[in-house]
Every structure is written in structure tokens, then in C-alpha cells.
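Heads up, protein_9.cif below (mmCIF, C-alpha atoms):
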data_target
#
loop_
_atom_site.label_atom_id
_atom_site.label_comp_id
_atom_site.auth_asym_id
_atom_site.auth_seq_id
_atom_site.Cartn_x
_atom_site.Cartn_y
_atom_site.Cartn_z
CA MET A 1 -2.29 15.04 19.43
CA ARG A 2 -1.51 11.38 20.11
CA LEU A 3 -0.64 9.03 17.24
CA THR A 4 -0.80 5.29 17.85
CA ILE A 5 1.04 3.00 15.44
CA LEU A 6 -0.22 -0.58 15.32
CA GLY A 7 2.55 -2.75 13.92
CA GLY A 8 4.95 -0.49 15.79
CA GLY A 9 7.77 -2.97 15.26
CA GLY A 10 7.38 -2.66 11.51
CA PHE A 11 10.46 -1.93 9.44
CA ARG A 12 9.06 1.28 7.92
CA VAL A 13 7.87 2.87 11.18
CA PRO A 14 11.04 5.06 11.35
CA LEU A 15 9.96 6.70 8.08
CA VAL A 16 6.77 7.88 9.78
CA TYR A 17 8.67 9.12 12.82
CA ARG A 18 11.22 10.96 10.68
CA ALA A 19 8.36 12.73 8.87
CA LEU A 20 6.93 13.76 12.25
CA LEU A 21 10.30 15.17 13.34
CA ASP A 22 10.49 17.17 10.09
CA ASP A 23 6.93 18.45 10.50
CA PRO A 24 7.13 22.22 11.06
CA ALA A 25 3.63 22.19 12.57
CA GLY A 26 4.73 19.80 15.32
CA SER A 27 1.18 18.52 15.44
CA VAL A 28 1.91 15.15 17.09
CA SER A 29 2.75 15.37 20.80
CA GLU A 30 3.24 11.63 21.46
CA VAL A 31 3.77 8.44 19.46
CA VAL A 32 2.58 5.17 20.98
CA LEU A 33 3.90 1.92 19.51
CA HIS A 34 2.11 -1.41 19.72
CA ASP A 35 3.35 -4.70 18.33
CA THR A 36 2.86 -8.36 19.12
CA ASP A 37 6.64 -8.97 18.86
CA PRO A 38 8.49 -7.33 21.79
CA ARG A 39 11.96 -7.78 20.25
CA ARG A 40 11.00 -6.05 17.02
CA VAL A 41 9.33 -3.10 18.73
CA ALA A 42 12.32 -2.68 21.04
CA VAL A 43 14.68 -2.48 18.04
CA ILE A 44 12.46 0.03 16.26
CA ALA A 45 12.22 2.10 19.45
CA ASP A 46 16.05 2.22 19.43
CA VAL A 47 16.02 3.46 15.83
CA LEU A 48 13.53 6.18 16.76
CA THR A 49 15.70 7.18 19.73
CA ARG A 50 18.65 7.66 17.35
CA LEU A 51 16.50 9.69 14.93
CA ALA A 52 15.44 11.98 17.79
CA GLN A 53 19.00 12.64 19.02
CA GLY A 54 19.94 16.27 18.60
CA HIS A 55 16.46 17.28 17.47
CA PRO A 56 15.32 20.52 19.15
CA ALA A 57 11.83 19.17 19.84
CA PRO A 58 11.78 15.36 19.65
CA VAL A 59 8.39 13.68 19.70
CA PRO A 60 8.12 11.42 22.78
CA VAL A 61 7.74 7.71 22.05
CA ARG A 62 6.10 5.14 24.30
CA VAL A 63 5.74 1.39 23.84
CA ALA A 64 2.23 0.31 24.87
CA LYS A 65 1.57 -2.56 27.23
CA GLY A 66 -1.21 -3.96 25.05
CA LEU A 67 -3.71 -3.08 22.34
CA ASP A 68 -6.21 -1.38 24.66
CA ASP A 69 -3.43 0.66 26.28
CA ALA A 70 -2.28 1.74 22.82
CA LEU A 71 -5.73 2.81 21.66
CA ALA A 72 -7.05 4.60 24.75
CA GLY A 73 -6.85 8.34 24.18
CA ALA A 74 -5.57 8.11 20.61
CA ASP A 75 -6.45 10.87 18.16
CA PHE A 76 -5.10 9.02 15.12
CA VAL A 77 -4.43 5.29 14.76
CA PHE A 78 -2.03 4.22 12.06
CA SER A 79 -2.55 0.52 11.26
CA ALA A 80 0.31 -1.25 9.51
CA ILE A 81 0.12 -4.77 10.87
CA ARG A 82 1.29 -7.99 9.21
CA VAL A 83 -0.75 -10.94 10.46
CA GLY A 84 1.35 -14.08 10.23
CA GLY A 85 4.57 -12.13 9.66
CA THR A 86 6.82 -12.76 6.69
CA ALA A 87 6.34 -16.52 7.16
CA GLY A 88 2.67 -16.01 6.27
CA ARG A 89 3.63 -13.95 3.25
CA ILE A 90 5.90 -16.74 2.00
CA ARG A 91 2.97 -19.19 2.15
CA ASP A 92 0.75 -16.69 0.34
CA GLU A 93 3.30 -16.59 -2.47
CA ARG A 94 4.36 -20.24 -2.64
CA ILE A 95 0.93 -21.90 -2.45
CA PRO A 96 -0.42 -20.21 -5.61
CA LEU A 97 2.89 -20.71 -7.44
CA ALA A 98 2.66 -24.42 -6.71
CA GLU A 99 -0.66 -24.40 -8.60
CA GLY A 100 0.77 -22.45 -11.54
CA VAL A 101 -0.76 -19.04 -10.78
CA LEU A 102 0.75 -15.82 -9.52
CA GLY A 103 1.70 -15.58 -5.86
CA GLN A 104 1.93 -11.95 -4.71
CA GLU A 105 1.25 -10.20 -1.43
CA THR A 106 -1.69 -8.05 -2.53
CA VAL A 107 -2.60 -9.29 -6.02
CA GLY A 108 -4.27 -12.51 -7.14
CA ALA A 109 -4.58 -15.59 -4.98
CA GLY A 110 -1.81 -14.45 -2.64
CA GLY A 111 -3.66 -11.22 -1.91
CA VAL A 112 -6.89 -13.10 -1.20
CA LEU A 113 -5.13 -15.48 1.20
CA TYR A 114 -3.51 -12.54 2.98
CA GLY A 115 -6.87 -10.80 3.26
CA LEU A 116 -8.60 -13.89 4.66
CA ARG A 117 -5.96 -14.10 7.39
CA THR A 118 -5.84 -10.37 8.15
CA ILE A 119 -9.48 -9.23 8.10
CA PRO A 120 -10.55 -10.91 11.38
CA VAL A 121 -7.70 -9.17 13.21
CA ALA A 122 -8.49 -5.85 11.52
CA LEU A 123 -12.14 -6.16 12.54
CA HIS A 124 -11.12 -6.77 16.16
CA ILE A 125 -8.95 -3.65 16.04
CA ALA A 126 -11.85 -1.64 14.59
CA GLU A 127 -14.13 -2.81 17.37
CA ARG A 128 -11.60 -1.82 20.06
CA VAL A 129 -11.12 1.59 18.43
CA ALA A 130 -14.89 2.11 18.43
CA ALA A 131 -15.02 1.21 22.12
CA LEU A 132 -11.92 3.03 23.41
CA ALA A 133 -11.28 5.89 20.97
CA PRO A 134 -14.54 6.57 19.11
CA GLY A 135 -13.33 10.01 18.02
CA ALA A 136 -10.09 8.70 16.52
CA TRP A 137 -9.34 8.53 12.81
CA VAL A 138 -7.88 5.24 11.62
CA ILE A 139 -5.36 5.46 8.78
CA ASN A 140 -5.00 2.01 7.29
CA PHE A 141 -1.90 0.89 5.43
CA THR A 142 -2.32 -2.79 6.26
CA ASN A 143 -2.36 -4.83 3.04
CA PRO A 144 -4.39 -5.69 1.08
CA ALA A 145 -5.28 -2.08 1.89
CA GLY A 146 -8.54 -1.76 -0.06
CA MET A 147 -9.93 -5.04 1.21
CA VAL A 148 -8.91 -4.40 4.83
CA THR A 149 -10.23 -0.82 4.77
CA GLU A 150 -13.55 -2.12 3.41
CA ALA A 151 -13.82 -4.60 6.29
CA MET A 152 -12.94 -2.00 8.94
CA SER A 153 -15.43 0.48 7.48
CA GLN A 154 -18.22 -1.93 8.44
CA VAL A 155 -17.43 -0.95 12.04
CA LEU A 156 -15.93 2.53 11.73
CA GLY A 157 -17.74 3.96 8.72
CA ASP A 158 -15.93 6.92 7.19
CA ARG A 159 -13.54 7.23 10.15
CA VAL A 160 -11.21 4.67 8.56
CA ILE A 161 -9.26 5.84 5.52
CA GLY A 162 -6.89 3.67 3.52
CA ILE A 163 -3.64 5.03 2.16
CA CYS A 164 -1.07 3.83 -0.36
CA ASP A 165 2.05 5.50 -1.70
CA SER A 166 1.80 4.03 -5.23
CA PRO A 167 -0.68 6.57 -6.73
CA VAL A 168 1.04 9.70 -5.43
CA GLY A 169 4.40 8.27 -6.50
CA LEU A 170 3.00 7.75 -10.00
CA VAL A 171 1.68 11.33 -10.14
CA ARG A 172 5.01 12.78 -8.98
CA ARG A 173 7.05 10.73 -11.44
CA ALA A 174 4.70 11.48 -14.34
CA ALA A 175 4.73 15.21 -13.57
CA ARG A 176 8.52 15.27 -13.50
CA ALA A 177 8.70 13.36 -16.79
CA ALA A 178 6.23 15.82 -18.35
CA GLY A 179 8.47 18.73 -17.36
CA ALA A 180 6.32 20.13 -14.56
CA ASP A 181 7.93 21.93 -11.65
CA PRO A 182 7.99 19.45 -8.71
CA ALA A 183 6.77 22.26 -6.47
CA ALA A 184 3.51 22.32 -8.45
CA PHE A 185 2.38 19.18 -6.64
CA ALA A 186 2.75 20.79 -3.23
CA ASP A 187 1.26 24.19 -4.05
CA GLY A 188 -1.86 22.88 -5.81
CA ARG A 189 -1.07 23.96 -9.38
CA LEU A 190 -0.94 20.31 -10.48
CA GLY A 191 -4.26 18.63 -11.12
CA TYR A 192 -4.87 14.92 -11.67
CA ASP A 193 -7.65 12.41 -12.25
CA TYR A 194 -6.88 9.04 -10.68
CA VAL A 195 -9.47 6.33 -10.04
CA GLY A 196 -9.57 2.60 -9.37
CA LEU A 197 -9.12 0.21 -6.48
CA ASN A 198 -6.05 -0.19 -4.30
CA HIS A 199 -3.20 -1.49 -6.51
CA LEU A 200 -5.52 -1.28 -9.51
CA GLY A 201 -5.99 2.25 -10.80
CA TRP A 202 -5.22 4.65 -13.63
CA LEU A 203 -3.91 8.20 -13.91
CA ARG A 204 -6.15 9.52 -16.68
CA SER A 205 -5.45 13.25 -16.60
CA LEU A 206 -2.51 15.41 -15.49
CA THR A 207 -2.82 19.17 -15.70
CA LEU A 208 -0.58 22.11 -14.81
CA GLU A 209 -2.55 25.30 -14.19
CA GLY A 210 -5.32 23.92 -16.39
CA THR A 211 -3.11 22.75 -19.28
CA GLU A 212 -3.35 19.00 -19.99
CA LEU A 213 0.06 17.30 -19.93
CA LEU A 214 -0.79 13.62 -20.35
CA PRO A 215 -1.21 13.41 -24.18
CA GLY A 216 2.16 15.05 -24.71
CA LEU A 217 3.81 12.73 -22.21
CA LEU A 218 2.27 9.65 -23.84
CA ALA A 219 3.56 10.78 -27.24
CA ASP A 220 7.14 11.25 -26.02
CA ASP A 221 9.18 8.01 -26.00
CA ALA A 222 12.12 9.61 -24.23
CA ALA A 223 9.94 11.07 -21.48
CA LEU A 224 8.15 7.75 -20.96
CA GLY A 225 11.49 5.99 -20.72
CA SER A 226 12.61 8.33 -17.96
CA PHE A 227 10.42 6.96 -15.16
CA GLU A 228 9.38 3.66 -13.65
CA GLU A 229 5.87 3.13 -15.03
CA GLY A 230 6.92 4.20 -18.52
CA ARG A 231 9.64 1.55 -18.62
CA LEU A 232 7.47 -1.04 -16.89
CA PHE A 233 4.56 -0.94 -19.36
CA GLY A 234 6.28 0.34 -22.51
CA ALA A 235 5.38 3.33 -24.67
CA ASP A 236 3.30 1.40 -27.21
CA TRP A 237 0.97 -0.14 -24.62
CA LEU A 238 0.62 3.11 -22.67
CA ARG A 239 -0.46 4.93 -25.82
CA VAL A 240 -3.04 2.22 -26.50
CA LEU A 241 -4.38 2.60 -22.96
CA GLY A 242 -4.35 6.40 -23.13
CA ALA A 243 -3.59 6.46 -19.41
CA LEU A 244 -0.82 5.65 -16.94
CA PRO A 245 -1.62 2.53 -14.90
CA ASN A 246 -0.62 1.90 -11.32
CA GLU A 247 2.52 -0.25 -11.28
CA TYR A 248 0.61 -3.24 -9.89
CA LEU A 249 -1.45 -3.47 -13.07
CA HIS A 250 1.65 -4.98 -14.64
CA TYR A 251 0.54 -8.25 -13.03
CA TYR A 252 -2.73 -8.05 -14.98
CA TYR A 253 -1.59 -6.68 -18.33
CA PHE A 254 1.58 -8.81 -18.49
CA ARG A 255 0.44 -11.80 -16.44
CA ARG A 256 2.26 -14.39 -18.58
CA GLU A 257 5.59 -12.56 -18.49
CA THR A 258 5.36 -11.84 -14.78
CA LEU A 259 4.37 -15.40 -13.93
CA ASP A 260 7.26 -16.74 -16.02
CA SER A 261 9.66 -14.49 -14.11
CA VAL A 262 8.57 -15.84 -10.71
CA ARG A 263 7.43 -19.40 -11.44
CA ASP A 264 10.82 -21.01 -10.93
CA THR A 265 12.37 -18.30 -8.79
CA PRO A 266 14.69 -19.60 -6.08
CA GLU A 267 13.51 -16.81 -3.79
CA THR A 268 10.16 -15.01 -3.65
CA ARG A 269 9.86 -11.43 -2.44
CA GLY A 270 8.57 -12.72 0.89
CA GLU A 271 11.55 -15.04 1.28
CA PHE A 272 13.93 -12.19 0.49
CA LEU A 273 12.29 -9.92 3.08
CA ASP A 274 12.12 -12.73 5.64
CA GLN A 275 15.87 -13.21 5.43
CA GLN A 276 16.68 -9.52 5.10
CA GLN A 277 14.47 -8.23 7.89
CA GLY A 278 15.01 -11.26 10.10
CA GLY A 279 18.74 -10.66 9.79
CA PHE A 280 18.33 -6.97 10.52
CA PHE A 281 16.33 -7.47 13.71
CA GLU A 282 18.67 -10.21 14.91
CA ARG A 283 21.81 -8.13 14.31
CA ALA A 284 20.28 -4.94 15.69
CA ALA A 285 19.09 -6.66 18.87
CA ALA A 286 22.51 -8.24 19.39
CA ALA A 287 24.44 -5.04 18.65
CA GLY A 288 22.49 -3.08 21.23
CA GLY A 289 21.96 0.64 21.31
CA PRO A 290 20.35 3.25 19.08
CA ASP A 291 23.42 4.05 16.94
CA ALA A 292 23.99 0.47 15.78
CA ALA A 293 20.27 -0.15 15.20
CA TYR A 294 19.94 3.01 13.11
CA ALA A 295 22.99 2.30 10.92
CA LEU A 296 21.75 -1.22 10.21
CA TRP A 297 18.25 0.06 9.46
CA GLU A 298 19.44 2.62 6.91
CA ARG A 299 21.50 0.06 4.99
CA THR A 300 18.66 -2.46 4.98
CA ARG A 301 16.07 0.14 3.93
CA LEU A 302 18.00 1.18 0.82
CA GLU A 303 18.44 -2.44 -0.29
CA ARG A 304 14.73 -3.07 0.23
CA GLU A 305 13.72 -0.09 -1.93
CA GLN A 306 16.17 -0.94 -4.72
CA THR A 307 14.76 -4.48 -5.03
CA TYR A 308 11.07 -3.45 -5.00
CA MET A 309 9.00 -5.21 -7.73
CA ALA A 310 12.18 -6.80 -9.09
CA HIS A 311 10.32 -9.62 -10.87
CA SER A 312 8.11 -7.20 -12.80
CA ARG A 313 11.16 -5.18 -13.83
CA GLU A 314 12.86 -8.38 -14.96
CA ALA A 315 9.79 -9.28 -17.03
CA SER A 316 9.86 -5.85 -18.73
CA GLY A 317 13.55 -5.70 -19.60
CA GLY A 318 15.56 -6.07 -16.42
CA TRP A 319 16.22 -2.36 -15.76
CA GLN A 320 17.26 -0.95 -12.39
CA ARG A 321 15.42 1.64 -10.35
CA ASP A 322 16.98 5.12 -10.44
CA SER A 323 16.85 7.97 -7.92
CA HIS A 324 13.56 9.34 -9.31
CA ASP A 325 11.93 5.91 -9.09
CA LEU A 326 13.03 5.64 -5.46
CA GLU A 327 11.48 9.00 -4.70
CA GLY A 328 7.89 7.60 -4.71
CA GLY A 329 5.07 9.18 -2.82
CA GLY A 330 6.20 8.02 0.61
CA TYR A 331 3.33 6.60 2.66
CA ASP A 332 4.77 8.44 5.65
CA ARG A 333 4.24 11.76 3.85
CA VAL A 334 0.77 10.70 2.68
CA ALA A 335 -0.20 9.85 6.26
CA LEU A 336 1.14 13.15 7.59
CA ALA A 337 -0.62 15.14 4.86
CA LEU A 338 -3.87 13.34 5.67
CA MET A 339 -3.58 14.12 9.39
CA HIS A 340 -2.78 17.78 8.67
CA ALA A 341 -5.75 18.09 6.30
CA ILE A 342 -8.17 16.68 8.89
CA VAL A 343 -6.84 18.71 11.82
CA GLY A 344 -6.51 21.92 9.79
CA ASP A 345 -9.76 21.44 7.83
CA SER A 346 -7.73 22.46 4.78
CA GLY A 347 -9.62 20.90 1.86
CA THR A 348 -6.39 19.30 0.64
CA ARG A 349 -6.72 16.92 -2.31
CA LEU A 350 -5.19 13.46 -1.80
CA ILE A 351 -5.56 10.04 -3.44
CA LEU A 352 -7.08 7.80 -0.78
CA ASN A 353 -9.09 4.62 -0.22
CA VAL A 354 -12.57 5.66 0.87
CA ARG A 355 -16.22 4.71 0.49
CA ASN A 356 -17.36 5.18 -3.08
CA GLY A 357 -20.56 7.11 -2.60
CA THR A 358 -21.54 8.07 -6.16
CA THR A 359 -18.02 8.43 -7.62
CA VAL A 360 -18.29 5.22 -9.62
CA PRO A 361 -22.06 4.75 -10.08
CA GLN A 362 -21.72 1.08 -11.04
CA LEU A 363 -20.26 0.21 -7.60
CA ALA A 364 -22.09 0.09 -4.28
CA PRO A 365 -21.94 3.31 -2.24
CA ASP A 366 -20.10 1.53 0.60
CA ALA A 367 -17.50 -0.12 -1.66
CA ILE A 368 -13.98 1.16 -1.04
CA VAL A 369 -12.39 2.83 -4.06
CA GLU A 370 -9.05 4.58 -4.51
CA THR A 371 -9.53 8.05 -5.94
CA VAL A 372 -8.95 11.77 -5.52
CA CYS A 373 -10.54 13.10 -2.34
CA GLU A 374 -10.98 16.46 -0.69
CA VAL A 375 -9.94 16.20 2.95
CA GLY A 376 -11.07 18.38 5.84
CA ALA A 377 -12.37 18.10 9.37
CA HIS A 378 -15.20 15.91 8.05
CA GLY A 379 -12.70 13.36 6.74
CA ALA A 380 -12.12 12.42 3.10
CA ARG A 381 -14.81 13.07 0.49
CA PRO A 382 -14.31 11.40 -2.92
CA LEU A 383 -14.61 13.83 -5.81
CA PRO A 384 -16.62 13.17 -8.98
CA CYS A 385 -14.60 11.69 -11.82
CA ALA A 386 -15.00 11.21 -15.54
CA PRO A 387 -16.71 7.94 -16.60
CA LEU A 388 -14.45 4.92 -16.71
CA ARG A 389 -13.72 3.14 -19.96
CA GLU A 390 -15.30 -0.28 -20.32
CA ASP A 391 -12.01 -2.13 -19.83
CA GLN A 392 -11.21 -0.15 -16.67
CA LEU A 393 -14.70 -0.55 -15.23
CA GLY A 394 -14.85 -4.25 -16.08
CA LEU A 395 -11.61 -4.99 -14.25
CA MET A 396 -12.67 -2.88 -11.27
CA LEU A 397 -16.03 -4.65 -11.01
CA GLN A 398 -14.49 -8.11 -11.10
CA VAL A 399 -11.77 -7.38 -8.55
CA LYS A 400 -14.26 -5.59 -6.29
CA ALA A 401 -16.44 -8.73 -6.37
CA VAL A 402 -13.36 -10.66 -5.23
CA GLU A 403 -12.66 -8.20 -2.41
CA ARG A 404 -16.23 -8.22 -1.13
CA ALA A 405 -16.37 -12.03 -1.24
CA ALA A 406 -13.13 -12.18 0.76
CA VAL A 407 -14.51 -9.79 3.38
CA GLU A 408 -17.67 -11.94 3.62
CA ALA A 409 -15.60 -15.12 3.92
CA ALA A 410 -13.34 -13.75 6.64
CA THR A 411 -16.18 -12.13 8.58
CA PHE A 412 -18.52 -15.12 8.61
CA LYS A 413 -15.98 -17.97 8.14
CA ASP A 414 -17.77 -18.87 4.92
CA ARG A 415 -15.79 -21.33 2.79
CA GLY A 416 -18.08 -20.81 -0.19
CA ALA A 417 -17.38 -17.09 -0.18
CA ALA A 418 -13.63 -17.79 0.12
CA LEU A 419 -13.77 -20.12 -2.89
CA ARG A 420 -15.71 -17.48 -4.81
CA ALA A 421 -13.11 -14.83 -3.96
CA LEU A 422 -10.27 -17.01 -5.24
CA ALA A 423 -12.02 -18.46 -8.30
CA LEU A 424 -13.34 -15.12 -9.57
CA HIS A 425 -9.99 -13.37 -9.49
CA PRO A 426 -8.75 -12.57 -13.03
CA LEU A 427 -5.34 -14.08 -12.22
CA VAL A 428 -6.77 -17.44 -11.07
CA ASP A 429 -7.80 -19.39 -14.15
CA SER A 430 -9.84 -22.28 -12.73
CA PRO A 431 -12.27 -22.97 -9.87
CA ALA A 432 -10.49 -26.30 -9.40
CA VAL A 433 -7.18 -24.47 -8.93
CA ALA A 434 -8.89 -22.07 -6.51
CA ALA A 435 -10.24 -25.01 -4.47
CA ARG A 436 -6.80 -26.61 -4.27
CA ILE A 437 -5.22 -23.31 -3.18
CA LEU A 438 -7.85 -23.01 -0.45
CA GLU A 439 -7.18 -26.57 0.72
CA ARG A 440 -3.41 -26.00 0.76
CA ALA A 441 -3.86 -22.78 2.75
CA ALA A 442 -5.98 -24.65 5.29
CA GLY A 443 -3.28 -27.30 5.61
CA LYS A 444 -5.50 -30.02 4.12
CA ALA A 445 -3.42 -30.74 1.04
#
Written as C-alpha cells, that's how I'd like the structure from this file.
Amino acid sequence: MRLTILGGGGFRVPLVYRALLDDPAGSVSEVVLHDTDPRRVAVIADVLTRLAQGHPAPVPVRVAKGLDDALAGADFVFSAIRVGGTAGRIRDERIPLAEGVLGQETVGAGGVLYGLRTIPVALHIAERVAALAPGAWVINFTNPAGMVTEAMSQVLGDRVIGICDSPVGLVRRAARAAGADPAAFADGRLGYDYVGLNHLGWLRSLTLEGTELLPGLLADDAALGSFEEGRLFGADWLRVLGALPNEYLHYYYFRRETLDSVRDTPETRGEFLDQQQGGFFERAAAAGGPDAAYALWERTRLEREQTYMAHSREASGGWQRDSHDLEGGGYDRVALALMHAIVGDSGTRLILNVRNGTTVPQLAPDAIVETVCEVGAHGARPLPCAPLREDQLGLMLQVKAVERAAVEAATFKDRGAALRALALHPLVDSPAVAARILERAAGKA
């Protein structure tokens, strides 16, 4: 089975390859890398070479000559591209901040700007997949993942599935805090109800062999203080919600505190990653050889994970991530589990970004939602869920309107739809501000 990775020079590609090396099924026979930056993909290929050293059955790696070469013959296509690179991310963050609203890669005005830039490229990829590998499954991790998956589904239908490691990380951390055996997640004894959009969802039920764990967890201050989301949102607010929110909902529930923490920051997350990753690729290319590239990658990876969502943690007390927080879901493991479930027709349950169908009746059937799915040879089928509370549904409806407007704007180059996407976002407080952000992004202000 051939796996093609678009964005093959991405910093987290070695995580995917390491998961493939550890895969007892050995289901992937070749990995093909494609990237628009030859220096980056060469460095990452060196890291993969070092990971494969000494392995009894290393998975062959090939760097493609172009997009069509990468896609031809692929069984699975993993899309993790970054259109505009980290320089584009910096603009997505700084332009909204200059107008006094949150700048973040996937949330608010920054997420809309990133989507507008990325969707045309994602649509081109979808069209080439349809032409060259119509039987392939596309696993999308390109941010904003829900918005990009929705655009690609216009071409690929249900053969594109979005993934994110935030929901499964939340489930794992909550289960550990509730005292459940970590093995229960893997062997199917742990049940969970999670629904929302990408980076906007709630864990509303957590059961172990049919026994509900969530009320007890929400009532236990010490247990809530033992994991990331509990510290991020605080016990009082979590008990009011009666659910555990995805970590990105901190930007919505604590928008004032988060904005205050980043408004005058000397360095945004994008600027940090631009310097960190730029330095890594420069040093690794100069050092030469797989050993040096791998050692530099490992050091840089740990620093990246430790500083994840630092501004939100500062806004909620300034605590540091511990080993359990760093153990998230791992998008590499989510991707591998998804591939196994499709190939093995296993009926595995995973939290994925898929077409809604009738899961949330108030949304269109083709709208992409993030929820629990049953995965088999047919792909990912969203499971029925309990009705959403009014506050949850209201936020989902508004953000979905933003996502669909952004897809329309990027697809048809419609400025009105782009303005609507920005102005309707809950974290953008004025159509006039939205118009100025749009003008700045277009280089007209």
C-alpha cells in the first residue's frame, strides 16, 4: 500500500514515519514525499533515513518529482500542506492583532485568512487526486482542517476525511484523570460522545464498560487539575458547562483574557515557529547527514510541544505542560488507525471530520462536522449523537456559516463572501474591522 504525504517537508512528517515503522501490520509498502521546498524535503528525508537505520523492515521512502508523480498510484494521500509557509502564518496573526482582534492560525480572523489562501490549492490537489488516483483516500490534516476538508469534499465526496489530534488527546487525558485504565481506549471498553466542528467541540459523555465517568470527574477538583483542559478552563466553568470543551474553545470562552495575553506580545506563535523551524532546517542542511538532522529534529520537536498554546496557558494561570499533557492523541496515530480501519474493514470508532449527514439535523448534510465515526472499508460513517445544547448548537451554526462563506469566497473569488466570513465570526466584533482586515490581507492598506 502506497502512502503519499503532501507537505513532505513538514516538521511533523517523521512522527508519521515513526508510527509506520512501529506498525506491526506493516501495511504501508512505500512512502512518497512531495513538497514545494526541495531543501526542507531533503532534510526530512535525512531524518527518516536515520529513523529507519537498524529497523528490520524499513519502509522505503521516495521523494516525488512533482505533484502528479506523487499522486499517481497512491492508495492513501496524507495532506499536511502550509500554503504561504510560516511567513503567511505570521501575517494571519499580525493583521487581526493590528485591528484589536485575535490572530490565531485556525481560529477567528487568522483562521479565515489562512483558509482563503489554502482552499484554492487544496481544491487543485483534490482535482488531481480525482484524475490520477480516484480510488485513493485523502486524509486531511491541513489547517483549518474542517474548512479545507469541506472544500475538498466538493470534489472527492466522502473519500476525503479530516483528522485532528485534539479530540482524541482530550479523551485520553480525561479518561486518565477519571481513573480509567489507559488500555481501555485501545480495546474498546471506553465509550465517548464528542461532537462539534474542528477546533470547536465538546466531550459530553465518557463511559467505561457502560458506567458514566464524566459527572464524577467534573465534581473532582483534584482530578480536573491533573490534566490540560481542566487547568485551562477551570473547575467552576467546566461544571457550569457540564462537558469538557476542546482546548481551542478557550479562545471563545475566555476571549478577553486570551486577547490580552497576545495583544502586545513581542512574538506570536507563528514568529516563534518561523525562527525555530527556519533555524532547524538551516542547521540540519548545513550539518549534513541523517544523524545530525535527526538529533536536531528531536530537540526542536520537544521544544515545540512544550510551548504549544502558551498564550492560552498564560491567560489561565501560567502553568506548564506536564508529561500527560504532552501525550496527546498524536495525529500520526490517528492517521494510522484510520488507514487500518479502512483497509481492515474493522468498524473502529474514531473522532473524525466528515460530512454531517443527519448527525446534527440543524446543519446541512454535506457540512463537515467533527464527531465519533465508525470506520470500515466504506470510509467513515458519523454516528448518531444526543441533541446539542442551545449554546453548543448556536456556536456551531455561526462558525459553520463562517466556514461555508470562506469556502465560497475562495472557490469563486467572491469578496462579499470573504467579508461575510470575517464579519460573522464570533471573535470579530465589527464589519468595519472585518473590511479593514480584508484590505490589509490584500495589501491594500
Assuming 3 Å of padding per side, give the centre and edge lengths of the axis-aligned box around every listed atom of region 23-26 of chain A, in Å to one decimal and as AutoDock Vina command-line options.
--center_x 5.4 --center_y 20.3 --center_z 12.9 --size_x 9.5 --size_y 9.8 --size_z 10.8
(message) Between A:Asp236, A:Asp345, A:Glu229, A:Glu390, which residue has the minimum interatomic distance to Glu374 (chain A), considering only C-alpha atoms?
(response)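 Nearest candidate to Glu374 (chain A) out of A:Asp236, A:Asp345, A:Glu229, A:Glu390: A:Asp345.
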(message) Residue by residue, what does the PyMOL selection byres ((chain A and resi 178) around 12) grab here? Present the result as a PyMOL selection string.
(response) chain A and resi 171-177+179-182+190+206-208+211-227+230
(request) Tell me which residues the PyMOL selection byres ((chain A and resi 343) around 12) grabs here, as a list of chain:residue names. (result)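 Taken over the shown coordinates, the PyMOL selection byres ((chain A and resi 343) around 12) returns A:Met1, A:Ala25, A:Ser27, A:Val28, A:Asp75, A:Phe76, A:Ala136, A:Trp137, A:Leu336, A:Ala337, A:Leu338, A:Met339, A:His340, A:Ala341, A:Ile342, A:Gly344, A:Asp345, A:Ser346, A:Gly347, A:Thr348, A:Val375, A:Gly376, A:Ala377, A:His378, A:Gly379, A:Ala380.
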(message) Selection in question (the file shown): the PyMOL selection byres ((chain A and resi 7-18) around 7). Which residues does it include, as a PyMOL selection string?
(response) chain A and resi 5-6+19-22+33-35+40-41+44+47-48+51+79-81+332
(message) Using only C-alpha atoms for the distances, tell me which of A:Arg269, A:Arg189, A:Arg349, A:His199 is nearest to Leu170 (chain A).
(response)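 Checking each of A:Arg269, A:Arg189, A:Arg349, A:His199 against Leu170 (chain A), counting only C-alpha atoms, the winner is A:His199.
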(message) Report, in Å to a single decimal, how far apart CA of Ala406 (chain A) and CA of Ala418 (chain A) are.
(response) 5.7 Å
(request) Tell me, in Å to one decimal, how far CA of Phe233 (chain A) is from CA of Ala109 (chain A). (result) 22.5 Å
(message) Please report the interatomic distance between CA of Ala126 (chain A) and CA of Val32 (chain A) in Å with one decimal.
(response)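 Between CA of Ala126 (chain A) and CA of Val32 (chain A) the gap works out to 17.2 Å.
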